[in-house]
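Working notes for the structure below.
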Amino acid sequence: MGHLLDGSWTENETLVENAGGMYVKKPSIFRNRIEPDPAAEFPAESGRYHLYAAVSCPWAHRTVLYRALKKLDAIVELHAVEQVVGGQGWTFPDGGHVVPGTDARVKYLHQLYTISDPACTTRVTVPTLWDARTRRVVNNESSEIIRVFNSAFAAFAPPTPDYYPEALRAEIDAMNEFTLKGVNNAVNGCGRSSTQAAYEESFHLLFRTLDALEERLGEQRYLCGPRQTEADWRLFPNLVRFDPISYQGYKCNLRRIEDYPNLSNYLRDLWQTPGVAEVCDIEGMKRGVFGPAGPIKSSGIIPLGPWIDHGRPHDRARFG
Ligand SMILES: N[C@@H](CCC(=O)N[C@@H](CS)C(=O)NCC(=O)O)C(=O)O
């Protein structure tokens with residue numbers, strides 16, 4: 001995928017750092033927060049903000065999960081983008097999209113970025129959160145968008161669990177750090193590094209981390225104790241993609257999640273949380289990754305297996 005350079009789309013890849021063949025991305029540039037305070041720069045309101053996501057993307061999946069878990073469906077509208085052959089990065093299906101708050105009909109997500117900031121230099125990523133009132137990108141960093149979704153819209157949405165409670169914040173932050181390096185980024189390191197050494201480093205880190213998580217989940221129901229927290233939902237998108245996509249497509253093939261008793265039962269426990277299965281389109285994820293415009297340079301043929309029944313019983317209730 002290309003990126004924006006001084007407000008124009010370019011196909012070169014200068015915004016990917018490639019330290020020793022290791023795939024490393026630049027930080028997101030839009031980092032504003034929506035706040036409950038009506039006097040804030042981006043105040044919480046119903047119908048004002050729009051979320052752009054792609055089914056294939058695990059980072060975007062976090063925000064789509066939060067939209068469901070926090071019951072924001074009627075408050076933040078969701079729009080899908082996809083990669084197509086010959087497109088300019090994330091592309092709107094069905095030929096176009098009218099940008100909320102404007103009359104502009106656009107084909108590509110990058111066009112929202114340049115409405116927001118006409119001279120920006122950035123990668124154009126999902127998730128992206130858009131404000132129809134100011135016609136600006138609010139934020140394109142999933143870890144921040146889920147924090148916003150966790151708390152900012154409480155006055156507009158039905159009651160839901162707090163996934164980042166005060167008392168657990170230090171533990172959640174530490175767990176997030178551990179899984180960000182050892183799973184979220186390590187999976188990409190396996191699939192997208194350009195040297196054998198960088199791949200192997202990511203591979204060993206990934207399976208060391210999964211082994212440690214397996215052990216931890218032998219002692220407690222969720223990553224930070226007896227209740228679901230942000231740490232679980234930041235990991236889930238990678239776990240649910242692991243066996244059908246990462247194992248084969250990203251060469252993460254030492255063990256499957258199905259081979260880990262605790263991790264696989266935990267994955268089913270999360271999957272069976274109300275609202276979650278409905279926002280997990282595994283066939284769509286596979287099409288986005290293995291399809292002709294996806295990140296895996298292959299024939300475009302989508303592997304059929306494995307068939308995993310995440311609806312079958314899990315044993316996590318043993319922790320109460
Ligand atoms: N740190 C970002 C990463 C998001 C990200 O890398 N998304 C990928 C899709 S999985 C993307 O849009 N890539 C396009 C690009 O890098 O040009 C976040 O968590 O929001």
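By convention in this document, the chains of the structure tokens carry letters A, B, ... by their order, each chain's residues are numbered from 1, and ligands are numbered from 1 in the order they are shown.
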>> List as a ChimeraX atom specification the protein and nucleic acid residues near Arg33 of chain A, meaning an atom at most 12 Å away when only C-alpha atoms are counted, but skip any in the same chain fewer than 2 places from it.
In response: /A:30-31,35-37,40-44,49,129-131,137-153
Residue selection dump (N, CA and C atoms) as a JSON list (two decimals), in the first residue's frame:
[["chain", "number", "residue", "atom", "x", "y", "z"],
["A", 30, "PHE", "N", -3.04, 11.07, 13.80],
["A", 30, "PHE", "CA", -4.24, 11.74, 14.33],
["A", 30, "PHE", "C", -4.53, 11.17, 15.71],
["A", 31, "ARG", "N", -4.37, 11.98, 16.73],
["A", 31, "ARG", "CA", -4.40, 11.45, 18.09],
["A", 31, "ARG", "C", -5.30, 12.23, 19.03],
["A", 35, "GLU", "N", -14.42, 13.49, 24.21],
["A", 35, "GLU", "CA", -14.60, 13.55, 25.66],
["A", 35, "GLU", "C", -16.07, 13.77, 26.01],
["A", 36, "PRO", "N", -16.48, 13.33, 27.21],
["A", 36, "PRO", "CA", -17.88, 13.52, 27.61],
["A", 36, "PRO", "C", -18.25, 15.00, 27.78],
["A", 37, "ASP", "N", -17.30, 15.85, 28.10],
["A", 37, "ASP", "CA", -17.55, 17.27, 28.36],
["A", 37, "ASP", "C", -18.04, 17.98, 27.08],
["A", 40, "ALA", "N", -15.66, 20.23, 25.23],
["A", 40, "ALA", "CA", -14.38, 19.69, 24.71],
["A", 40, "ALA", "C", -14.26, 19.99, 23.21],
["A", 41, "GLU", "N", -13.04, 19.90, 22.69],
["A", 41, "GLU", "CA", -12.83, 20.11, 21.26],
["A", 41, "GLU", "C", -13.63, 19.09, 20.44],
["A", 42, "PHE", "N", -13.61, 17.84, 20.89],
["A", 42, "PHE", "CA", -14.40, 16.77, 20.26],
["A", 42, "PHE", "C", -15.34, 16.19, 21.32],
["A", 43, "PRO", "N", -16.49, 16.83, 21.54],
["A", 43, "PRO", "CA", -17.41, 16.35, 22.58],
["A", 43, "PRO", "C", -18.19, 15.12, 22.11],
["A", 44, "ALA", "N", -18.50, 14.23, 23.04],
["A", 44, "ALA", "CA", -19.32, 13.06, 22.70],
["A", 44, "ALA", "C", -20.69, 13.53, 22.25],
["A", 49, "TYR", "N", -19.91, 11.04, 14.97],
["A", 49, "TYR", "CA", -18.63, 10.39, 14.65],
["A", 49, "TYR", "C", -18.84, 9.12, 13.82],
["A", 129, "LEU", "N", -11.27, 7.23, 12.78],
["A", 129, "LEU", "CA", -12.46, 7.82, 13.38],
["A", 129, "LEU", "C", -12.62, 9.24, 12.85],
["A", 130, "TRP", "N", -13.79, 9.52, 12.28],
["A", 130, "TRP", "CA", -14.05, 10.77, 11.56],
["A", 130, "TRP", "C", -15.11, 11.60, 12.29],
["A", 131, "ASP", "N", -14.92, 12.90, 12.32],
["A", 131, "ASP", "CA", -15.90, 13.82, 12.90],
["A", 131, "ASP", "C", -16.63, 14.56, 11.78],
["A", 137, "VAL", "N", -10.33, 14.09, 10.73],
["A", 137, "VAL", "CA", -10.02, 12.79, 11.32],
["A", 137, "VAL", "C", -9.72, 13.05, 12.80],
["A", 138, "VAL", "N", -10.45, 12.37, 13.67],
["A", 138, "VAL", "CA", -10.22, 12.54, 15.10],
["A", 138, "VAL", "C", -9.01, 11.71, 15.53],
["A", 139, "ASN", "N", -8.99, 10.46, 15.10],
["A", 139, "ASN", "CA", -7.97, 9.55, 15.62],
["A", 139, "ASN", "C", -7.84, 8.35, 14.68],
["A", 140, "ASN", "N", -6.62, 7.88, 14.48],
["A", 140, "ASN", "CA", -6.45, 6.63, 13.71],
["A", 140, "ASN", "C", -5.53, 5.66, 14.44],
["A", 141, "GLU", "N", -5.67, 5.62, 15.75],
["A", 141, "GLU", "CA", -4.88, 4.68, 16.56],
["A", 141, "GLU", "C", -5.86, 3.84, 17.38],
["A", 142, "SER", "N", -5.89, 2.54, 17.07],
["A", 142, "SER", "CA", -6.92, 1.67, 17.66],
["A", 142, "SER", "C", -6.89, 1.67, 19.18],
["A", 143, "SER", "N", -5.67, 1.69, 19.77],
["A", 143, "SER", "CA", -5.60, 1.60, 21.23],
["A", 143, "SER", "C", -6.25, 2.81, 21.89],
["A", 144, "GLU", "N", -6.26, 3.95, 21.19],
["A", 144, "GLU", "CA", -6.90, 5.15, 21.75],
["A", 144, "GLU", "C", -8.38, 5.19, 21.43],
["A", 145, "ILE", "N", -8.75, 4.71, 20.25],
["A", 145, "ILE", "CA", -10.18, 4.71, 19.89],
["A", 145, "ILE", "C", -10.96, 3.80, 20.86],
["A", 146, "ILE", "N", -10.37, 2.66, 21.23],
["A", 146, "ILE", "CA", -11.12, 1.78, 22.15],
["A", 146, "ILE", "C", -11.25, 2.41, 23.54],
["A", 147, "ARG", "N", -10.28, 3.20, 23.96],
["A", 147, "ARG", "CA", -10.41, 3.91, 25.25],
["A", 147, "ARG", "C", -11.55, 4.93, 25.16],
["A", 148, "VAL", "N", -11.62, 5.63, 24.03],
["A", 148, "VAL", "CA", -12.71, 6.59, 23.82],
["A", 148, "VAL", "C", -14.05, 5.85, 23.87],
["A", 149, "PHE", "N", -14.14, 4.74, 23.15],
["A", 149, "PHE", "CA", -15.39, 4.00, 23.12],
["A", 149, "PHE", "C", -15.75, 3.45, 24.51],
["A", 150, "ASN", "N", -14.73, 3.12, 25.28],
["A", 150, "ASN", "CA", -14.99, 2.56, 26.61],
["A", 150, "ASN", "C", -15.73, 3.55, 27.51],
["A", 151, "SER", "N", -15.38, 4.84, 27.39],
["A", 151, "SER", "CA", -15.91, 5.77, 28.40],
["A", 151, "SER", "C", -16.64, 7.00, 27.87],
["A", 152, "ALA", "N", -16.30, 7.49, 26.67],
["A", 152, "ALA", "CA", -16.78, 8.84, 26.30],
["A", 152, "ALA", "C", -18.29, 8.92, 26.07],
["A", 153, "PHE", "N", -18.90, 7.82, 25.61],
["A", 153, "PHE", "CA", -20.30, 7.89, 25.21],
["A", 153, "PHE", "C", -21.26, 7.32, 26.26]]
> Residues at most 10 Å from ligand 1, using only C-alpha atoms and all ligand atoms? Could they come as a count of residues only?
Replying inline: 56
Can you list, as an mmCIF file with N, CA and C atoms, in the first residue's frame, every protein, DNA or RNA residue that comes within 7 Å of segment 220-228 of chain A when you count only C-alpha atoms, leaving out same-chain residues fewer than 6 positions away?
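After the write, out-v6.cif holds the following:
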data_model
loop_
_atom_site.group_PDB
_atom_site.id
_atom_site.type_symbol
_atom_site.label_atom_id
_atom_site.label_comp_id
_atom_site.auth_asym_id
_atom_site.auth_seq_id
_atom_site.Cartn_x
_atom_site.Cartn_y
_atom_site.Cartn_z
ATOM 1 N N TYR A 163 -14.126 -1.663 30.670
ATOM 2 C CA TYR A 163 -13.011 -2.568 30.368
ATOM 3 C C TYR A 163 -11.653 -2.002 30.775
ATOM 4 N N GLU A 171 -2.106 -3.003 35.739
ATOM 5 C CA GLU A 171 -1.978 -4.399 35.287
ATOM 6 C C GLU A 171 -2.384 -4.542 33.815
ATOM 7 N N ILE A 172 -3.441 -3.837 33.421
ATOM 8 C CA ILE A 172 -3.887 -3.890 32.024
ATOM 9 C C ILE A 172 -2.804 -3.302 31.107
ATOM 10 N N ARG A 316 -14.061 -22.514 30.800
ATOM 11 C CA ARG A 316 -13.547 -21.389 31.592
ATOM 12 C C ARG A 316 -14.385 -21.081 32.827
ATOM 13 N N PHE A 319 -13.330 -21.215 36.596
ATOM 14 C CA PHE A 319 -12.747 -20.142 37.424
ATOM 15 C C PHE A 319 -13.835 -19.274 38.060
#
> In Å, with one decimal, what is the gap from atom CA of Pro165 of chain A to atom CA of Ala39 of chain A?
Replying inline: 24.6 Å
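Every residue of segment 106-169 of chain A found in alpha helix (DSSP H) when DSSP is run on the backbone appears here: His110, Gln111, Leu112, Tyr113, Thr114, Ile115, Ser116, Ser142, Ser143, Glu144, Ile145, Ile146, Arg147, Val148, Phe149, Asn150, Ser151 and Arg169 of chain A.
Candidate residues A:Leu5, A:Ala317, A:Leu270, A:Ile302 were compared for distance to Thr121 of chain A, and the nearest is A:Leu5, using only C-alpha atoms.
Backbone DSSP of segment 78-273 of chain A yields strand (DSSP E) at A:Leu78, A:His79, A:Ala80, A:His97, A:Val98, A:Arg105, A:Val106, A:Thr128, A:Leu129, A:Trp130, A:Asp131, A:Arg136, A:Val137, A:Val138, A:Asn139.
For the atom pair formed by atom CA of Thr209 of chain A and atom CA of Val183 of chain A, the distance is 6.9 Å, given to one decimal.
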